Amino acid sequence: MSSVPASSFPDLLNPQDIRIQRLFVTPLALVEHPAAAELNAALKAEIAQRQAEDNLGVRHSNVGGWQSAADFTQWPGAGAVALTAFARALAYELTAVQHPEQGLVLPEFDWKINAWANVNQAGNANALHAHPGAFWSGVYWVDDGHSGAEEAATGGELEFHDPRGVLPSMYNPELRMRIADCLSAGLTTAITPKSGTLVMFPSWLQHAVTRVTATRPRISIAFNFSL
């Protein structure tokens with residue numbers, strides 16, 4: 001019986017030969033509004049007017065701060081109308097419908113949308129929560145509260161929790177998967193707010209807003225899309 005010399009087999013792994021296939025990906029879409037400065041100026045005025053009319057607001061996940069009723073899509077202002085149309089377009093762009101004969105097709109239904117405004121001052125936050133009854137949820141930052149050098153320390157990050165909980169880090173919390181987008185497995189991932197940016201994610205994805213330390217109010221609009 002002949003043996004094959006070990007030298008016949010390369011003993012060096014070429015990292016470029018590795019193919020990574022990401023299974024069960026959780027999407028997170030971000031897009032900047034092309035006319036954010038003008039849109040945000042209009043939205044600030046509309047939100048200020050609504051807050052003056054209903055200073056108490058409502059309480060859901062918000063810890064302090066002001067939150068409007070979920071009727072933002074019915075506000076008559078040009079800012080509310082424009083942002084709702086922009087968010088609706090993104091939801092359509094991210095969605096497909098499984099057709100029995102044609103496969104994946106573009107949706108033709110009308111989204112049911114509920115949305116509300118949030119104004120968080122220093123010390124305010126939003127507790128960990130999800131949005132039952134919706135398919136997509138989104139957040140648009142009207143004003144991130146940043147002002148120059150303090151940008152890195154103004155809190156208020158949109159924090160997402162791994163939907164698998166701590167399971168990926170149970171074996172050994174010090175081990176990490178050295179694969180793109182996998183380093184936070186079992187942990188959390190935070191998105192720093194940026195004025196004029198809309199982020200959209202599956203409504204079942206648990207998220208929170210860390211405590212705000214900005215000197216200027218952090219203003220945002222939250223959306224839910226359902227059928």
# chains A, B, ... in the order shown; residues from 1 in each chain; ligands from 1
>>> residues_around(residues="A:Leu158", least_positions_apart="2", cutoff="6 Å", atoms="only C-alpha atoms", output="ChimeraX atom specification")
/A:190-191,208-209
>>> residues_around(residues="stretch 62-74 of chain A", least_positions_apart="3", cutoff="8 Å", atoms="only C-alpha atoms", output="ChimeraX atom specification")
/A:50-51,54-59,80-81,84,113-121,123-127
>>> write_last_selection(atoms="C-alpha atoms", output="JSON list (two decimals), in the first residue's frame")
[["chain", "number", "residue", "atom", "x", "y", "z"],
["A", 50, "ARG", "CA", -48.07, 69.97, 17.98],
["A", 51, "GLN", "CA", -46.15, 69.88, 21.28],
["A", 54, "ASP", "CA", -50.54, 68.74, 23.52],
["A", 55, "ASN", "CA", -47.77, 69.35, 26.02],
["A", 56, "LEU", "CA", -48.41, 66.13, 27.98],
["A", 57, "GLY", "CA", -48.07, 63.81, 24.99],
["A", 58, "VAL", "CA", -48.26, 60.04, 25.49],
["A", 59, "ARG", "CA", -46.19, 57.43, 27.33],
["A", 80, "ALA", "CA", -45.01, 65.48, 7.61],
["A", 81, "VAL", "CA", -46.42, 64.76, 4.14],
["A", 84, "THR", "CA", -44.24, 60.01, 5.15],
["A", 113, "ILE", "CA", -48.72, 53.49, 8.53],
["A", 114, "ASN", "CA", -48.74, 54.87, 12.02],
["A", 115, "ALA", "CA", -46.06, 57.27, 13.14],
["A", 116, "TRP", "CA", -45.27, 59.69, 15.94],
["A", 117, "ALA", "CA", -42.82, 62.40, 16.92],
["A", 118, "ASN", "CA", -40.32, 62.15, 19.80],
["A", 119, "VAL", "CA", -38.52, 64.96, 21.60],
["A", 120, "ASN", "CA", -35.86, 63.78, 24.07],
["A", 121, "GLN", "CA", -34.07, 66.19, 26.35],
["A", 123, "GLY", "CA", -31.65, 62.53, 30.72],
["A", 124, "ASN", "CA", -34.42, 61.02, 28.56],
["A", 125, "ALA", "CA", -34.28, 57.56, 26.99],
["A", 126, "ASN", "CA", -36.45, 54.79, 25.52],
["A", 127, "ALA", "CA", -36.69, 51.39, 27.19]]
>>> residues_around(residues="A:Ala180", least_positions_apart="5", cutoff="12 Å", atoms="only C-alpha atoms", output="number ranges by chain")
A: 20-22, 185
>>> residues_around(residues="A:Phe201", least_positions_apart="5", cutoff="7 Å", atoms="only C-alpha atoms", output="short mmCIF file (atom, residue, chain, number, x, y, z; two decimals) with all heavy atoms, in the first residue's frame")
data_model
loop_
_atom_site.label_atom_id
_atom_site.label_comp_id
_atom_site.auth_asym_id
_atom_site.auth_seq_id
_atom_site.Cartn_x
_atom_site.Cartn_y
_atom_site.Cartn_z
N PRO A 27 -31.91 42.55 8.35
CA PRO A 27 -31.55 43.76 7.59
C PRO A 27 -31.72 45.03 8.41
O PRO A 27 -32.61 45.14 9.25
CB PRO A 27 -32.53 43.74 6.42
CG PRO A 27 -33.73 43.04 6.97
CD PRO A 27 -33.21 42.00 7.93
N LEU A 28 -30.85 45.96 8.14
CA LEU A 28 -30.94 47.30 8.73
C LEU A 28 -30.61 48.27 7.60
O LEU A 28 -29.48 48.30 7.11
CB LEU A 28 -29.95 47.46 9.88
CG LEU A 28 -29.97 48.79 10.63
CD1 LEU A 28 -31.23 48.89 11.48
CD2 LEU A 28 -28.74 48.94 11.51
N ALA A 29 -31.60 49.04 7.16
CA ALA A 29 -31.41 49.94 6.02
C ALA A 29 -31.30 51.38 6.51
O ALA A 29 -32.08 51.82 7.36
CB ALA A 29 -32.59 49.81 5.06
N TRP A 136 -42.37 46.43 9.12
CA TRP A 136 -41.19 47.30 9.19
C TRP A 136 -41.42 48.39 10.22
O TRP A 136 -42.54 48.86 10.40
CB TRP A 136 -40.92 47.98 7.84
CG TRP A 136 -40.49 47.11 6.71
CD1 TRP A 136 -41.21 46.84 5.58
CD2 TRP A 136 -39.25 46.42 6.57
NE1 TRP A 136 -40.48 46.01 4.75
CE2 TRP A 136 -39.27 45.75 5.33
CE3 TRP A 136 -38.11 46.30 7.38
CZ2 TRP A 136 -38.21 44.97 4.87
CZ3 TRP A 136 -37.06 45.53 6.92
CH2 TRP A 136 -37.10 44.87 5.69
N SER A 137 -40.34 48.81 10.86
CA SER A 137 -40.36 49.99 11.72
C SER A 137 -39.18 50.87 11.32
O SER A 137 -38.19 50.38 10.78
CB SER A 137 -40.26 49.60 13.20
OG SER A 137 -41.42 48.92 13.63
N GLY A 138 -39.32 52.16 11.58
CA GLY A 138 -38.26 53.07 11.18
C GLY A 138 -38.14 54.26 12.10
O GLY A 138 -39.07 54.56 12.87
#
>>> residues_around(residues="A:Val139", least_positions_apart="4", cutoff="6 Å", atoms="only C-alpha atoms", output="mmCIF file with C-alpha atoms, in the first residue's frame")
data_model
loop_
_atom_site.group_PDB
_atom_site.id
_atom_site.type_symbol
_atom_site.label_atom_id
_atom_site.label_comp_id
_atom_site.auth_asym_id
_atom_site.auth_seq_id
_atom_site.Cartn_x
_atom_site.Cartn_y
_atom_site.Cartn_z
ATOM 1 C CA LEU A 198 -33.901 57.346 8.043
ATOM 2 C CA VAL A 199 -33.211 53.869 9.418
ATOM 3 C CA ILE A 221 -40.054 60.511 13.982
ATOM 4 C CA ALA A 222 -40.866 56.798 14.425
#
>>> atom_distance(atom1="atom CA of A:Thr210", atom2="atom CA of A:Glu32")
22.0 Å
>>> select_by_dssp(residues="stretch 15-214 of chain A", states="strand (DSSP E or B)", output="NGL selection string")
:A and (29-32 or 62-63 or 66-67 or 97-99 or 103-105 or 112-120 or 125-129 or 136-143 or 155 or 158-161 or 188-191 or 197-202 or 207-209 or 212)
>>> residues_around(residues="A:Glu38", least_positions_apart="3", cutoff="12 Å", atoms="only C-alpha atoms", output="PyMOL selection string")
chain A and resi 33-35+41-45+78-79+82-83+142+195-196
>>> select_by_dssp(residues="stretch 9-222 of chain A", states="helix (DSSP H, G or I)", output="MDAnalysis selection string")
chainID A and resid 15:17 36:53 72:74 78:93 148:153 167:169
>>> residues_around(residues="A:Ala122", least_positions_apart="5", cutoff="6 Å", atoms="only C-alpha atoms", output="VMD selection string")
chain A and resid 212 to 214
>>> write_last_selection(atoms="N, CA and C atoms", output="compact mmCIF listing (two decimals), in the first residue's frame")
# COMPACT_ATOMS: atom_id res chain seq x y z
N VAL A 212 -30.01 60.28 26.69
CA VAL A 212 -29.50 61.44 25.97
C VAL A 212 -28.73 62.35 26.92
N THR A 213 -27.58 62.83 26.47
CA THR A 213 -26.81 63.81 27.25
C THR A 213 -26.57 65.08 26.46
N ALA A 214 -27.17 65.18 25.28
CA ALA A 214 -26.98 66.36 24.42
C ALA A 214 -27.57 67.60 25.08
>>> closest_residue(among="A:Leu39, A:Met177, A:Ala85, A:Ile219", to="A:His146", atoms="only C-alpha atoms")
A:Ile219
>>> atom_distance(atom1="atom CA of A:Arg19", atom2="atom CA of A:Gly186")
22.8 Å
